[in-house]
Amino acid sequence: LILLSIVLSPVIAQAETHDITFPLQIIAQFRNDFGEPRAGHSHKGIDIIVPKMTPIISASDGVVRYLPQSEPTWGYEISIEGDDGYRYKYLHINNDTPGTDDNAGGTANAYAPGLTEGARVTRGQHIGWVGDSGNAENVGAHLHFEMYSPSGLINPYESLLSAYVSFLASASTT
C-alpha cells in the first residue's frame, strides 16, 4: 500500500484544470491515461482518439517553439509556449500522404500551411493534422497532448475534459 501511494501520488498531485480550447473540433474518445506505463517510461499526456487527418487547433494563444522538420523517433510534434505561461505539446502529428499509411507525407501533411518556429498562433487556429507518426505507427491515429504549467508537467485530463464539455455545448447550439 505504501509503494502504491508513492507511485500514484505524483499523478494525483499534478491534476489541475486550466482554461484551454479543446485541440480537436470533433467528437473524440479519450480517458485519463496520464502516468500509465509505456515502454521504458510513464505516459506524459492524454491520447485523444480521432481519425487520421483531423485538423488540430491551438489550445491557447502563444508562440510555436518546436516544430521539427525531420521526423523524430516519437513522431512529428508541435510545441507551443502559451501567453498564459503554460506549454502545450501535440505529438504523433501526421506523417503520411493523405489516404495512405506510407510515412512519406513530410511536413506539408503534418503542419498547417505557413506554420513555422517562432510564429504566433491564436487560440483555435489550425496548426496541423492528427496522425500516427513515430512510435504510434502501430497503435493507430491519435493526438498525444501534453501540458506543462510554469512549475512543470501536469496531467491535462481535467483541462481537456472541461474544454471538451464546452466544445460539445457550443456544437449543440449551432
# chains A, B, ... in the order shown; residues from 1 in each chain; ligands from 1

call {"tool": "residues_around", "arguments": {"residues": "stretch 82-95 of chain A", "least_positions_apart": "6", "cutoff": "6 Å", "atoms": "only C-alpha atoms", "output": "list in words"}}
result
Ser60, Asp61, Gly62, Gly75, Tyr76, Asn103, Gly105, Gly106, Ala110, Trp129, Val130, Gly131, Asp132, Ser133, His144, Phe145, Glu146, Met147, Tyr148, Ser149 and Pro150 of chain A

call {"tool": "closest_residue", "arguments": {"among": "A:Ala163, A:Leu143, A:Ala169, A:Ile127", "to": "A:Gly45", "atoms": "only C-alpha atoms"}}
result
A:Leu143

call {"tool": "closest_residue", "arguments": {"among": "A:Val139, A:Leu160, A:Phe167, A:Thr173", "to": "A:Thr17", "atoms": "only C-alpha atoms"}}
result
A:Leu160

call {"tool": "residues_around", "arguments": {"residues": "A:Val64", "least_positions_apart": "4", "cutoff": "9 Å", "atoms": "only C-alpha atoms", "output": "list in words"}}
result
Ile78, Ser79, Ile80, Glu81, Gly82, Leu115, Thr116, Glu117, Gly118, Ala119, Arg120 and Val121 of chain A

call {"tool": "select_by_dssp", "arguments": {"residues": "chain A", "states": "strand (DSSP E)", "output": "MDAnalysis selection string"}}
result
chainID A and resid 29:30 37:38 41:42 46:49 55:57 62:66 76:82 87:93 120:121 126:129 143:149 152:154

call {"tool": "closest_residue", "arguments": {"among": "A:Pro72, A:Gly124, A:Gly140, A:Gly40", "to": "A:Thr107", "atoms": "only C-alpha atoms"}}
result
A:Pro72

call {"tool": "atom_distance", "arguments": {"atom1": "atom CA of A:Ala59", "atom2": "atom CA of A:Gly128"}}
result
12.3 Å

call {"tool": "residues_around", "arguments": {"residues": "A:Val165", "least_positions_apart": "3", "cutoff": "12 Å", "atoms": "only C-alpha atoms", "output": "PyMOL selection string"}}
result
chain A and resi 19-22+25-28+158-162+168-172

call {"tool": "write_last_selection", "arguments": {"atoms": "C-alpha atoms", "output": "PDB file, in the first residue's frame"}}
result
ATOM      1  CA  ASP A  19      -8.777  27.163 -19.314  1.00  0.00           C
ATOM      2  CA  ILE A  20      -7.923  25.898 -22.816  1.00  0.00           C
ATOM      3  CA  THR A  21      -9.688  25.255 -26.105  1.00  0.00           C
ATOM      4  CA  PHE A  22     -10.149  21.576 -26.924  1.00  0.00           C
ATOM      5  CA  GLN A  25     -13.237  20.252 -33.008  1.00  0.00           C
ATOM      6  CA  ILE A  26     -14.763  16.797 -33.477  1.00  0.00           C
ATOM      7  CA  ILE A  27     -16.398  14.125 -31.318  1.00  0.00           C
ATOM      8  CA  ALA A  28     -13.444  12.313 -29.752  1.00  0.00           C
ATOM      9  CA  GLU A 158      -9.276  17.774 -16.318  1.00  0.00           C
ATOM     10  CA  SER A 159      -8.413  20.718 -18.577  1.00  0.00           C
ATOM     11  CA  LEU A 160      -9.207  18.666 -21.692  1.00  0.00           C
ATOM     12  CA  LEU A 161     -12.437  17.361 -20.173  1.00  0.00           C
ATOM     13  CA  SER A 162     -13.619  20.874 -19.291  1.00  0.00           C
ATOM     14  CA  LEU A 168     -19.898  19.894 -27.089  1.00  0.00           C
ATOM     15  CA  ALA A 169     -22.165  22.553 -25.553  1.00  0.00           C
ATOM     16  CA  SER A 170     -21.293  25.105 -28.236  1.00  0.00           C
ATOM     17  CA  ALA A 171     -21.611  22.497 -31.006  1.00  0.00           C
ATOM     18  CA  SER A 172     -25.115  21.573 -29.844  1.00  0.00           C
TER      19      SER A 172
END
